[in-house]
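Data block for structure.csv (CSV, C-alpha atoms):
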```
chain,number,residue,atom,x,y,z
Y,1,MET,CA,-5.1,-31.8,-201.0
Y,2,ALA,CA,-7.5,-31.7,-198.0
Y,3,LEU,CA,-7.3,-28.5,-196.1
Y,4,ASP,CA,-8.1,-27.7,-192.5
Y,5,GLY,CA,-10.8,-25.0,-192.7
Y,6,LYS,CA,-9.9,-23.2,-189.5
Y,7,ILE,CA,-6.2,-23.0,-190.4
Y,8,LEU,CA,-7.1,-21.9,-194.0
Y,9,ALA,CA,-9.3,-19.1,-192.5
Y,10,ARG,CA,-6.4,-17.8,-190.5
Y,11,ALA,CA,-4.1,-18.0,-193.5
Y,12,ARG,CA,-6.6,-15.9,-195.5
Y,13,GLU,CA,-6.8,-13.4,-192.7
Y,14,GLN,CA,-3.0,-13.0,-192.9
Y,15,ILE,CA,-3.2,-12.4,-196.7
Y,16,ALA,CA,-6.0,-9.9,-196.2
Y,17,GLN,CA,-4.0,-8.1,-193.6
Y,18,ARG,CA,-1.0,-7.9,-196.0
Y,19,HIS,CA,-3.4,-6.3,-198.6
Y,20,ALA,CA,-4.7,-3.8,-196.1
Y,21,ASP,CA,-1.2,-2.9,-195.0
Y,22,ASN,CA,-0.1,-2.4,-198.6
Y,23,VAL,CA,-3.2,-0.2,-199.4
Y,24,ALA,CA,-2.4,1.9,-196.3
Y,25,GLU,CA,1.2,2.3,-197.3
Y,26,HIS,CA,0.1,3.3,-200.9
Y,27,TYR,CA,-2.1,6.1,-199.5
Y,28,LEU,CA,0.7,7.3,-197.2
Y,29,ARG,CA,3.0,7.5,-200.2
Y,30,GLN,CA,0.4,9.4,-202.2
Y,31,GLU,CA,-0.2,12.0,-199.5
Y,32,LYS,CA,3.6,12.5,-199.1
Y,33,ILE,CA,4.2,12.9,-202.8
Y,34,TYR,CA,1.1,15.1,-203.4
Y,35,ALA,CA,2.3,17.5,-200.7
Y,36,ARG,CA,5.9,17.6,-202.0
Y,37,ILE,CA,5.1,17.5,-205.7
Y,38,PRO,CA,1.7,19.1,-206.3
Y,39,GLU,CA,2.0,18.6,-210.1
Y,40,ILE,CA,1.8,14.9,-209.7
Y,41,SER,CA,-1.5,15.3,-207.9
Y,42,ARG,CA,-2.8,17.2,-210.9
Y,43,ILE,CA,-1.5,14.5,-213.2
Y,44,ASP,CA,-3.3,11.8,-211.3
Y,45,THR,CA,-6.5,13.8,-211.2
Y,46,ARG,CA,-6.3,14.1,-215.0
Y,47,LEU,CA,-5.6,10.4,-215.5
Y,48,ARG,CA,-8.7,9.6,-213.5
Y,49,THR,CA,-10.9,11.9,-215.5
Y,50,GLN,CA,-9.5,10.3,-218.7
Y,51,MET,CA,-11.1,7.0,-217.6
Y,52,SER,CA,-14.5,8.7,-217.4
Y,53,GLU,CA,-14.0,10.2,-220.9
Y,54,LEU,CA,-13.0,6.8,-222.2
Y,55,VAL,CA,-16.2,5.2,-221.0
Y,56,GLY,CA,-18.2,8.1,-222.5
Y,57,LEU,CA,-16.5,7.9,-225.9
Y,58,THR,CA,-17.1,4.1,-226.0
Y,59,ILE,CA,-20.8,4.5,-225.2
Y,60,LYS,CA,-21.3,7.3,-227.8
Y,61,ARG,CA,-19.7,5.4,-230.7
Y,62,SER,CA,-19.1,8.6,-232.5
Y,63,ALA,CA,-17.7,8.7,-236.0
Y,64,ASP,CA,-14.3,10.0,-234.8
Y,65,LEU,CA,-14.1,7.4,-232.0
Y,66,ALA,CA,-10.7,6.0,-233.2
Y,67,ASP,CA,-9.1,9.4,-233.4
Y,68,ALA,CA,-10.5,10.4,-229.9
Y,69,LEU,CA,-9.2,7.2,-228.4
Y,70,LYS,CA,-5.8,7.7,-229.9
Y,71,ALA,CA,-5.7,11.3,-228.6
Y,72,LEU,CA,-6.5,10.0,-225.1
Y,73,GLU,CA,-3.9,7.3,-225.3
Y,74,ASP,CA,-1.2,9.7,-226.4
Y,75,GLU,CA,-2.1,12.2,-223.6
Y,76,SER,CA,-2.1,9.4,-221.0
Y,77,LEU,CA,1.3,8.1,-222.1
Y,78,ALA,CA,2.7,11.7,-221.9
Y,79,LEU,CA,1.2,12.3,-218.5
Y,80,GLN,CA,2.7,9.0,-217.2
Y,81,ALA,CA,6.1,9.8,-218.6
Y,82,LYS,CA,5.9,13.3,-217.0
Y,83,LYS,CA,4.9,11.7,-213.7
Y,84,ALA,CA,7.8,9.2,-213.8
Y,85,GLU,CA,10.2,12.1,-214.6
Y,86,LEU,CA,9.0,14.2,-211.7
Y,87,LEU,CA,9.4,11.2,-209.3
Y,88,HIS,CA,12.9,10.5,-210.6
Y,89,SER,CA,14.0,14.1,-210.3
Y,90,HIS,CA,12.9,14.1,-206.7
Y,91,GLY,CA,14.8,10.9,-205.8
Y,92,TYR,CA,11.9,8.4,-206.1
Y,93,PRO,CA,11.6,5.3,-208.3
Y,94,ALA,CA,9.3,5.7,-211.2
Y,95,ASP,CA,6.8,3.1,-209.8
Y,96,TYR,CA,6.8,4.6,-206.3
Y,97,LEU,CA,3.0,5.4,-206.6
Y,98,GLU,CA,2.0,2.2,-208.2
Y,99,ASP,CA,-0.3,-0.2,-206.3
Y,100,ILE,CA,1.7,-2.3,-203.8
Y,101,TYR,CA,1.3,-6.0,-203.8
Y,102,THR,CA,3.2,-8.5,-201.7
Y,103,CYS,CA,2.3,-11.1,-204.3
Y,104,PRO,CA,1.9,-9.6,-207.8
Y,105,LYS,CA,0.6,-12.9,-209.1
Y,106,CYS,CA,-2.7,-12.8,-207.3
Y,107,ARG,CA,-2.6,-9.1,-206.2
Y,108,ASP,CA,-2.9,-10.2,-202.6
Y,109,THR,CA,-6.2,-12.0,-203.0
Y,110,GLY,CA,-4.8,-15.4,-202.3
Y,111,PHE,CA,-6.4,-16.8,-205.5
Y,112,ILE,CA,-5.8,-16.9,-209.2
Y,113,GLY,CA,-9.2,-17.5,-210.6
Y,114,SER,CA,-10.5,-20.3,-208.4
Y,115,THR,CA,-7.1,-21.8,-207.7
Y,116,MET,CA,-5.1,-21.1,-204.5
Y,117,CYS,CA,-2.1,-18.9,-205.2
Y,118,SER,CA,1.3,-20.1,-204.0
Y,119,CYS,CA,1.3,-17.2,-201.5
Y,120,LEU,CA,-1.8,-18.5,-199.7
Y,121,THR,CA,-0.5,-22.1,-199.8
Y,122,GLU,CA,2.8,-20.9,-198.2
Y,123,GLU,CA,0.9,-19.0,-195.5
Y,124,TYR,CA,-1.3,-22.0,-194.9
Y,125,ASN,CA,1.8,-24.1,-194.4
Y,126,ARG,CA,3.2,-21.6,-191.9
Y,127,GLN,CA,0.0,-21.6,-189.9
Y,128,LEU,CA,-0.2,-25.4,-190.1
Y,129,THR,CA,3.4,-25.8,-188.9
Y,130,SER,CA,2.7,-23.5,-186.0
Y,131,GLU,CA,0.1,-26.0,-184.9
Y,132,LEU,CA,2.9,-28.5,-184.4
Y,133,SER,CA,4.6,-26.4,-181.7
Y,134,THR,CA,4.3,-29.2,-179.1
Y,135,LEU,CA,6.4,-31.5,-181.3
Y,136,LEU,CA,8.5,-29.0,-183.2
Y,137,LYS,CA,10.2,-27.5,-180.2
Y,138,ASN,CA,13.0,-25.9,-182.2
Y,139,SER,CA,14.4,-25.8,-185.8
Y,140,SER,CA,16.7,-28.7,-185.2
Y,141,GLU,CA,14.1,-31.4,-186.0
Y,142,ARG,CA,15.2,-31.8,-189.6
Y,143,PHE,CA,16.3,-34.9,-191.5
Y,144,GLU,CA,19.7,-33.4,-192.2
Y,145,ASN,CA,20.3,-33.2,-188.4
Y,146,PHE,CA,19.8,-36.9,-187.8
Y,147,ASP,CA,23.2,-38.3,-186.9
Y,148,LEU,CA,23.4,-42.0,-187.8
Y,149,SER,CA,27.0,-42.1,-186.5
Y,150,LEU,CA,25.6,-42.3,-182.9
Y,151,TYR,CA,24.1,-45.7,-183.5
Y,152,GLY,CA,27.3,-47.6,-183.7
Y,153,GLU,CA,26.7,-51.3,-184.7
Y,154,ALA,CA,23.0,-50.5,-185.2
Y,155,ARG,CA,23.8,-47.9,-187.9
Y,156,GLU,CA,22.9,-50.1,-190.9
Y,157,SER,CA,19.5,-50.9,-189.4
Y,158,MET,CA,18.8,-47.3,-188.5
Y,159,SER,CA,19.9,-46.1,-191.9
Y,160,ILE,CA,17.0,-48.1,-193.4
Y,161,VAL,CA,14.6,-46.6,-190.9
Y,162,PHE,CA,15.9,-43.1,-191.6
Y,163,GLU,CA,15.6,-43.5,-195.4
Y,164,THR,CA,12.1,-44.9,-195.0
Y,165,CYS,CA,11.0,-42.0,-192.9
Y,166,ARG,CA,12.6,-39.4,-195.3
Y,167,GLU,CA,10.9,-40.9,-198.3
Y,168,TYR,CA,7.6,-41.2,-196.5
Y,169,ALA,CA,7.6,-37.5,-195.7
Y,170,ALA,CA,8.6,-36.4,-199.2
Y,171,SER,CA,6.0,-38.5,-200.9
Y,172,PHE,CA,3.2,-38.4,-198.4
Y,173,SER,CA,-0.2,-38.9,-199.9
Y,174,GLU,CA,-3.5,-40.7,-199.3
Y,175,ARG,CA,-1.8,-43.8,-200.6
Y,176,SER,CA,0.9,-43.7,-197.9
Y,177,MET,CA,1.1,-46.4,-195.2
Y,178,ASN,CA,0.5,-46.1,-191.5
Y,179,LEU,CA,3.7,-46.5,-189.5
Y,180,LEU,CA,4.6,-47.9,-186.1
Y,181,PHE,CA,7.8,-46.7,-184.6
Y,182,GLN,CA,8.8,-49.3,-182.1
Y,183,GLY,CA,11.9,-49.4,-179.8
Y,184,GLY,CA,13.4,-48.3,-176.5
Y,185,THR,CA,13.7,-44.8,-175.2
Y,186,GLY,CA,16.1,-42.3,-176.7
Y,187,LEU,CA,16.4,-43.9,-180.1
Y,188,GLY,CA,15.0,-41.1,-182.2
Y,189,LYS,CA,11.3,-42.0,-182.5
Y,190,THR,CA,10.0,-38.6,-181.5
Y,191,PHE,CA,12.8,-36.8,-183.5
Y,192,LEU,CA,12.0,-38.6,-186.8
Y,193,SER,CA,8.2,-38.1,-186.1
Y,194,ALA,CA,8.9,-34.4,-185.9
Y,195,CYS,CA,11.0,-34.4,-189.1
Y,196,ILE,CA,8.1,-36.2,-190.9
Y,197,ALA,CA,5.6,-33.7,-189.5
Y,198,ARG,CA,7.6,-30.7,-190.6
Y,199,VAL,CA,8.0,-31.9,-194.2
Y,200,VAL,CA,4.4,-33.1,-194.5
Y,201,ALA,CA,3.0,-29.9,-193.1
Y,202,GLN,CA,5.3,-27.8,-195.3
Y,203,ASN,CA,3.9,-29.7,-198.3
Y,204,GLY,CA,0.4,-28.5,-197.4
Y,205,HIS,CA,-1.1,-31.5,-195.6
Y,206,SER,CA,-3.0,-31.3,-192.3
Y,207,VAL,CA,-1.0,-32.8,-189.5
Y,208,CYS,CA,-1.9,-33.3,-185.8
Y,209,TYR,CA,0.5,-34.4,-183.1
Y,210,ASP,CA,-0.2,-35.4,-179.5
Y,211,THR,CA,1.1,-37.8,-176.9
Y,212,ALA,CA,-1.1,-40.8,-176.3
Y,213,SER,CA,-1.8,-39.6,-172.8
Y,214,SER,CA,-2.9,-36.1,-173.9
Y,215,ALA,CA,-4.8,-37.3,-177.0
Y,216,LEU,CA,-6.9,-40.0,-175.2
Y,217,GLU,CA,-7.6,-37.5,-172.3
Y,218,ALA,CA,-9.2,-35.2,-174.9
Y,219,PHE,CA,-11.7,-38.0,-175.8
Y,220,GLU,CA,-12.6,-38.4,-172.1
Y,221,MET,CA,-12.9,-34.6,-171.6
Y,222,LYS,CA,-15.2,-34.4,-174.6
Y,223,LYS,CA,-17.5,-36.9,-173.1
Y,224,PHE,CA,-17.4,-36.2,-169.4
Y,225,ALA,CA,-16.2,-32.6,-168.8
Y,226,ARG,CA,-18.7,-30.7,-166.7
Y,227,ASP,CA,-17.4,-27.3,-168.0
Y,228,ALA,CA,-19.0,-26.6,-171.3
Y,229,GLU,CA,-16.0,-24.6,-172.6
Y,230,ALA,CA,-13.6,-27.4,-171.7
Y,231,ALA,CA,-15.8,-30.0,-173.4
Y,232,GLU,CA,-16.0,-27.8,-176.5
Y,233,LYS,CA,-12.2,-27.4,-176.7
Y,234,ALA,CA,-11.8,-31.1,-176.2
Y,235,ALA,CA,-14.3,-31.9,-179.0
Y,236,THR,CA,-12.4,-29.6,-181.3
Y,237,ARG,CA,-9.2,-31.4,-180.6
Y,238,VAL,CA,-10.8,-34.8,-181.1
Y,239,GLU,CA,-12.3,-33.7,-184.4
Y,240,ARG,CA,-8.9,-32.6,-185.6
Y,241,MET,CA,-7.3,-35.8,-184.6
Y,242,LEU,CA,-9.9,-37.8,-186.4
Y,243,GLU,CA,-10.0,-35.7,-189.6
Y,244,CYS,CA,-6.4,-34.6,-190.2
Y,245,GLU,CA,-4.5,-36.3,-193.0
Y,246,LEU,CA,-1.6,-37.4,-190.7
Y,247,MET,CA,-2.0,-38.1,-187.0
Y,248,ILE,CA,1.1,-38.6,-185.0
Y,249,LEU,CA,0.4,-40.4,-181.7
Y,250,ASP,CA,3.6,-40.4,-179.6
Y,251,ASP,CA,4.5,-42.5,-176.6
Y,252,LEU,CA,1.7,-45.1,-176.8
Y,253,GLY,CA,1.8,-47.1,-173.6
Y,254,THR,CA,2.6,-44.2,-171.2
Y,255,GLU,CA,-1.1,-43.2,-170.8
Y,256,MET,CA,-3.1,-44.3,-167.8
Y,257,LEU,CA,-4.9,-47.5,-168.8
Y,258,THR,CA,-8.7,-47.4,-168.3
Y,259,GLN,CA,-11.7,-48.7,-170.1
Y,260,ILE,CA,-12.3,-45.2,-171.4
Y,261,SER,CA,-8.7,-44.8,-172.7
Y,262,ILE,CA,-8.9,-48.2,-174.4
Y,263,SER,CA,-12.2,-47.3,-176.0
Y,264,ALA,CA,-10.8,-43.9,-177.2
Y,265,LEU,CA,-7.7,-45.5,-178.6
Y,266,TYR,CA,-9.8,-48.0,-180.6
Y,267,THR,CA,-12.0,-45.2,-181.9
Y,268,LEU,CA,-9.0,-43.1,-182.9
Y,269,ILE,CA,-7.2,-45.9,-184.8
Y,270,ASN,CA,-10.3,-47.5,-186.3
Y,271,THR,CA,-12.0,-44.3,-187.4
Y,272,ARG,CA,-8.9,-43.1,-189.2
Y,273,LEU,CA,-8.4,-46.5,-190.9
Y,274,VAL,CA,-12.0,-46.6,-192.1
Y,275,GLU,CA,-11.7,-43.0,-193.4
Y,276,GLY,CA,-8.3,-43.7,-195.1
Y,277,LYS,CA,-6.5,-41.3,-192.9
Y,278,LYS,CA,-2.8,-42.0,-192.1
Y,279,THR,CA,-1.4,-42.5,-188.6
Y,280,ILE,CA,2.1,-42.8,-187.1
Y,281,ILE,CA,2.3,-44.4,-183.7
Y,282,SER,CA,5.5,-44.5,-181.6
Y,283,THR,CA,5.9,-46.8,-178.6
Y,284,ASN,CA,8.5,-48.2,-176.3
Y,285,LEU,CA,6.4,-51.4,-176.0
Y,286,THR,CA,7.2,-54.7,-177.6
Y,287,ASP,CA,4.6,-56.7,-179.5
Y,288,ALA,CA,4.1,-58.9,-176.5
Y,289,GLU,CA,3.7,-55.9,-174.2
Y,290,LEU,CA,1.2,-54.3,-176.6
Y,291,ALA,CA,-0.8,-57.6,-176.7
Y,292,ARG,CA,-0.9,-57.7,-172.9
Y,293,ARG,CA,-1.9,-54.1,-172.5
Y,294,TYR,CA,-4.5,-53.6,-175.3
Y,295,THR,CA,-7.5,-55.4,-176.6
Y,296,PRO,CA,-7.2,-57.9,-179.5
Y,297,GLN,CA,-9.2,-55.5,-181.7
Y,298,ILE,CA,-6.6,-52.7,-181.2
Y,299,CYS,CA,-3.6,-55.0,-181.7
Y,300,SER,CA,-5.3,-56.5,-184.8
Y,301,ARG,CA,-5.6,-53.1,-186.4
Y,302,ILE,CA,-2.0,-52.3,-185.6
Y,303,ASP,CA,-0.6,-55.6,-186.8
Y,304,GLY,CA,-2.6,-55.6,-190.0
Y,305,GLU,CA,-2.5,-52.0,-191.0
Y,306,PHE,CA,0.8,-50.5,-189.8
Y,307,LEU,CA,4.3,-50.9,-191.2
Y,308,LYS,CA,6.6,-51.6,-188.2
Y,309,LEU,CA,9.9,-49.7,-188.1
Y,310,PRO,CA,12.2,-51.1,-185.4
Y,311,PHE,CA,14.4,-48.5,-183.6
Y,312,VAL,CA,17.5,-50.1,-182.3
Y,313,GLY,CA,20.7,-49.1,-180.6
Y,314,THR,CA,21.8,-47.4,-177.4
Y,315,ASP,CA,19.8,-44.6,-175.7
Y,316,ILE,CA,21.1,-41.5,-177.7
Y,317,ARG,CA,20.0,-39.0,-175.0
Y,318,MET,CA,22.1,-40.8,-172.4
Y,319,MET,CA,25.1,-41.0,-174.7
Y,320,LYS,CA,24.9,-37.3,-175.3
Y,321,LYS,CA,24.8,-36.6,-171.5
Y,322,GLU,CA,28.0,-38.6,-171.1
Y,323,MET,CA,29.8,-36.8,-173.9
```
Give the structure from this file in C-alpha cells form.
Amino acid sequence: MALDGKILARAREQIAQRHADNVAEHYLRQEKIYARIPEISRIDTRLRTQMSELVGLTIKRSADLADALKALEDESLALQAKKAELLHSHGYPADYLEDIYTCPKCRDTGFIGSTMCSCLTEEYNRQLTSELSTLLKNSSERFENFDLSLYGEARESMSIVFETCREYAASFSERSMNLLFQGGTGLGKTFLSACIARVVAQNGHSVCYDTASSALEAFEMKKFARDAEAAEKAATRVERMLECELMILDDLGTEMLTQISISALYTLINTRLVEGKKTIISTNLTDAELARRYTPQICSRIDGEFLKLPFVGTDIRMMKKEM
C-alpha cells in the first residue's frame, strides 16, 4: 500500500501526542497516589532499587545467584501484591499506576517491529479522509444511502452502475480500472464518487478529489503564479494529483477551455496512466461533445483506458425539490 508521506507524518504526530498525553496522565496519577498513600511511594522506590540489584547480581555471577534471584522475585511479588491491596482499599483499581497505552499492541509507538500497527493505519485513514472534505460534505455519502427507487424505469441500469461502484471501492487496488461516469446532471455521479472515495480512503489508499476547473487551475498556478507561496501550494496540489493512488476528477467539461487547461488535462490523465495510477472522471458530456471539446489525444486515452458507466434517469435533485 503506497502511503502519502505528509499525511503519514500527521498521523504519526497524532500517535505521539496520544503517548505524551498518556505519560502525563500517568505522572499525575502517581503524584496523587503518592500524596494520598505514601506507602505506595516507598514500595515503588524499593521496586526500582530491585532492578539495580538484579543487574548487579547478574554481572557478579556469584555462587548463590539462583537463591538471590529467587529472593528478589519473591520480594517483588509480595510488594506488588501489597501495592494492589493498598490501591484497592482506597478505591482504586489494581492497575491504576500501570503505564497507560491507548494501543497496548504497539504501546503507542505506531509500529510493531517494522510493521505499521493497526492504530497508526486507522489514524492515517482518518487523516486521509479529512483531506476529502471538499467531496465528503457530510456523513450521508455512503453506499447504503444510495436510493435506487428514485430512478424509476432506469432502476435496472443504475443498479448495475451502483453494484460496479460498490465492488470497485471494496476491492480497489493497483489492478483496478479507470472509470468514466457519464450522464446528465443530478443522476448521482458525484454522490457515488464520494462513496468510492470514502471506502477507498478508509482502506488505507491515498485519494485526491477535485473539480476539473479547480484541478486544472492548479496546473496553471504552478506554472504562471507570480506569488511564490501560491505557486508552491499549487505545485503541492499538482504533485498529489499526479501521485495519489486514486484521483477523482469531477465535472469535466465545466472548466474554462484554454490551451493551458487542455495541456494540463492531458498531462494529468496521461501521467497517471503511464504510472499505473487510477482515475475516476465524471462528466455531463456525451462522447460526441467530448470529441468536439478536447484533443484526439485526450479522447483516445479516455476511450481506450476508461470503463464507461452510463448514468441515466431523471434529475434526482430536481425530483427531491418537488417532493
Task: Residues within 12 Å of region 84-96 of chain Y, only C-alpha atoms, excluding chain neighbours under 6 positions, as a PyMOL selection string - done: chain Y and resi 25-30+32-34+36-41+43-44+77-78
Between CA of Ser282 (chain Y) and CA of Met177 (chain Y), what distance in Å does the model show, to one decimal?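 Answer for the CA of Ser282 (chain Y) to CA of Met177 (chain Y) separation: 14.4 Å.
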**Request:** Compile the contact shell of region 4-20 of chain Y as a list in words: residues with an atom at most 6 Å away, counting only C-alpha atoms, same-chain residues fewer than 4 positions apart removed.
**Result:**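 After dropping sequence-adjacent residues, the list is Asp108, Glu123 and Tyr124 of chain Y.
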Spatial sel., origin (-2.4, -38.1, -180.3), limit 10 Å, only C-alpha atoms, listed as a ChimeraX atom specification: /Y:208-218,237-238,241-242,247-252,265,268,279-281
Note to self: Calculated over all atoms listed in the file, which of the candidates Y:Leu192, Y:Leu69, Y:Ile262, Y:Val200 has the smallest distance to Asn145 (chain Y)?
What the structure shows: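 The closest residue to Asn145 (chain Y) is Y:Leu192.
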One-decimal distance in Å that lies between CA of Ala201 (chain Y) and CA of Phe311 (chain Y):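 Rounded to one decimal, the two atoms are 23.8 Å apart.
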Y:Ala235, Y:Ile316, Y:Ile298, Y:Ala264: which is nearest Met221 (chain Y), counting all atoms listed in the file?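 Of the candidates, the smallest distance to Met221 (chain Y) is held by Y:Ala235.
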Checklist entry - Which residue gives the smallest distance to Glu245 (chain Y) among Y:Gln127, Y:Ser176, Y:Thr295, Y:Gln182, with all atoms listed in the file counted? => result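 Looking at the shortest contact to Glu245 (chain Y), the residue is Y:Ser176.
The smallest atom-to-atom distance between Leu180 (chain Y) and any of Y:Asn270, Y:Ser52, Y:Ser193, Y:Ser157, using all atoms listed in the file, is found for Y:Ser193.
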**OP:** Please measure the separation of CA of Lys277 (chain Y) and CA of Ala194 (chain Y), giving the value in Å to one decimal.
**Re:**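 Taking CA of Lys277 (chain Y) and CA of Ala194 (chain Y), their separation equals 18.3 Å.
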Checklist line | Counting all atoms listed in the file, the option among Y:Arg240, Y:Lys83, Y:Lys222, Y:Arg301 closest to Thr45 (chain Y) | finding: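 That would be Y:Lys83, the residue with the smallest distance to Thr45 (chain Y).
The shortest atom-to-atom distance to Leu307 (chain Y), with only C-alpha atoms taken into account, belongs to Y:Lys278 out of Y:Leu285, Y:Cys244, Y:Phe224, Y:Lys278.
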Complete region 252-270 of chain Y with N, CA, C and O atoms (output as a PDB file, in the frame of the given file).
```
ATOM      1  N   LEU Y 252       2.808 -44.151-177.131  1.00  0.00           N
ATOM      2  CA  LEU Y 252       1.700 -45.100-176.800  1.00  0.00           C
ATOM      3  C   LEU Y 252       2.221 -46.032-175.723  1.00  0.00           C
ATOM      4  O   LEU Y 252       3.280 -46.641-175.869  1.00  0.00           O
ATOM      5  N   GLY Y 253       1.440 -46.193-174.677  1.00  0.00           N
ATOM      6  CA  GLY Y 253       1.800 -47.100-173.600  1.00  0.00           C
ATOM      7  C   GLY Y 253       2.173 -46.314-172.318  1.00  0.00           C
ATOM      8  O   GLY Y 253       2.290 -46.913-171.241  1.00  0.00           O
ATOM      9  N   THR Y 254       2.328 -44.984-172.421  1.00  0.00           N
ATOM     10  CA  THR Y 254       2.600 -44.200-171.200  1.00  0.00           C
ATOM     11  C   THR Y 254       1.346 -43.604-170.616  1.00  0.00           C
ATOM     12  O   THR Y 254       1.396 -43.055-169.514  1.00  0.00           O
ATOM     13  N   GLU Y 255       0.210 -43.748-171.309  1.00  0.00           N
ATOM     14  CA  GLU Y 255      -1.100 -43.200-170.800  1.00  0.00           C
ATOM     15  C   GLU Y 255      -1.608 -44.118-169.702  1.00  0.00           C
ATOM     16  O   GLU Y 255      -1.270 -45.307-169.627  1.00  0.00           O
ATOM     17  N   MET Y 256      -2.447 -43.546-168.835  1.00  0.00           N
ATOM     18  CA  MET Y 256      -3.100 -44.300-167.800  1.00  0.00           C
ATOM     19  C   MET Y 256      -4.114 -45.271-168.475  1.00  0.00           C
ATOM     20  O   MET Y 256      -4.929 -44.836-169.298  1.00  0.00           O
ATOM     21  N   LEU Y 257      -4.045 -46.527-168.148  1.00  0.00           N
ATOM     22  CA  LEU Y 257      -4.900 -47.500-168.800  1.00  0.00           C
ATOM     23  C   LEU Y 257      -6.219 -47.657-168.112  1.00  0.00           C
ATOM     24  O   LEU Y 257      -6.296 -48.056-166.951  1.00  0.00           O
ATOM     25  N   THR Y 258      -7.286 -47.288-168.813  1.00  0.00           N
ATOM     26  CA  THR Y 258      -8.700 -47.400-168.300  1.00  0.00           C
ATOM     27  C   THR Y 258      -9.542 -47.917-169.431  1.00  0.00           C
ATOM     28  O   THR Y 258      -9.129 -47.930-170.601  1.00  0.00           O
ATOM     29  N   GLN Y 259     -10.734 -48.299-169.099  1.00  0.00           N
ATOM     30  CA  GLN Y 259     -11.700 -48.700-170.100  1.00  0.00           C
ATOM     31  C   GLN Y 259     -11.973 -47.554-171.089  1.00  0.00           C
ATOM     32  O   GLN Y 259     -12.152 -47.755-172.299  1.00  0.00           O
ATOM     33  N   ILE Y 260     -11.993 -46.342-170.534  1.00  0.00           N
ATOM     34  CA  ILE Y 260     -12.300 -45.200-171.400  1.00  0.00           C
ATOM     35  C   ILE Y 260     -11.103 -44.930-172.338  1.00  0.00           C
ATOM     36  O   ILE Y 260     -11.313 -44.663-173.529  1.00  0.00           O
ATOM     37  N   SER Y 261      -9.853 -45.037-171.855  1.00  0.00           N
ATOM     38  CA  SER Y 261      -8.700 -44.800-172.700  1.00  0.00           C
ATOM     39  C   SER Y 261      -8.597 -45.858-173.807  1.00  0.00           C
ATOM     40  O   SER Y 261      -8.241 -45.563-174.954  1.00  0.00           O
ATOM     41  N   ILE Y 262      -8.904 -47.104-173.450  1.00  0.00           N
ATOM     42  CA  ILE Y 262      -8.900 -48.200-174.400  1.00  0.00           C
ATOM     43  C   ILE Y 262      -9.920 -47.960-175.511  1.00  0.00           C
ATOM     44  O   ILE Y 262      -9.666 -48.126-176.709  1.00  0.00           O
ATOM     45  N   SER Y 263     -11.121 -47.575-175.084  1.00  0.00           N
ATOM     46  CA  SER Y 263     -12.200 -47.300-176.000  1.00  0.00           C
ATOM     47  C   SER Y 263     -11.816 -46.125-176.955  1.00  0.00           C
ATOM     48  O   SER Y 263     -12.049 -46.163-178.170  1.00  0.00           O
ATOM     49  N   ALA Y 264     -11.205 -45.075-176.367  1.00  0.00           N
ATOM     50  CA  ALA Y 264     -10.800 -43.900-177.200  1.00  0.00           C
ATOM     51  C   ALA Y 264      -9.728 -44.267-178.165  1.00  0.00           C
ATOM     52  O   ALA Y 264      -9.756 -43.811-179.319  1.00  0.00           O
ATOM     53  N   LEU Y 265      -8.772 -45.095-177.736  1.00  0.00           N
ATOM     54  CA  LEU Y 265      -7.700 -45.500-178.600  1.00  0.00           C
ATOM     55  C   LEU Y 265      -8.247 -46.294-179.814  1.00  0.00           C
ATOM     56  O   LEU Y 265      -7.849 -46.071-180.966  1.00  0.00           O
ATOM     57  N   TYR Y 266      -9.165 -47.200-179.541  1.00  0.00           N
ATOM     58  CA  TYR Y 266      -9.800 -48.000-180.600  1.00  0.00           C
ATOM     59  C   TYR Y 266     -10.521 -47.045-181.582  1.00  0.00           C
ATOM     60  O   TYR Y 266     -10.416 -47.177-182.809  1.00  0.00           O
ATOM     61  N   THR Y 267     -11.273 -46.101-181.024  1.00  0.00           N
ATOM     62  CA  THR Y 267     -12.000 -45.200-181.900  1.00  0.00           C
ATOM     63  C   THR Y 267     -11.095 -44.358-182.757  1.00  0.00           C
ATOM     64  O   THR Y 267     -11.347 -44.187-183.949  1.00  0.00           O
ATOM     65  N   LEU Y 268      -9.996 -43.877-182.176  1.00  0.00           N
ATOM     66  CA  LEU Y 268      -9.000 -43.100-182.900  1.00  0.00           C
ATOM     67  C   LEU Y 268      -8.426 -43.875-184.066  1.00  0.00           C
ATOM     68  O   LEU Y 268      -8.416 -43.439-185.229  1.00  0.00           O
ATOM     69  N   ILE Y 269      -7.904 -45.053-183.742  1.00  0.00           N
ATOM     70  CA  ILE Y 269      -7.200 -45.900-184.800  1.00  0.00           C
ATOM     71  C   ILE Y 269      -8.210 -46.365-185.802  1.00  0.00           C
ATOM     72  O   ILE Y 269      -7.978 -46.237-187.020  1.00  0.00           O
ATOM     73  N   ASN Y 270      -9.327 -46.921-185.359  1.00  0.00           N
ATOM     74  CA  ASN Y 270     -10.300 -47.500-186.300  1.00  0.00           C
ATOM     75  C   ASN Y 270     -10.948 -46.506-187.191  1.00  0.00           C
ATOM     76  O   ASN Y 270     -11.102 -46.723-188.403  1.00  0.00           O
TER      77      ASN Y 270
END
```
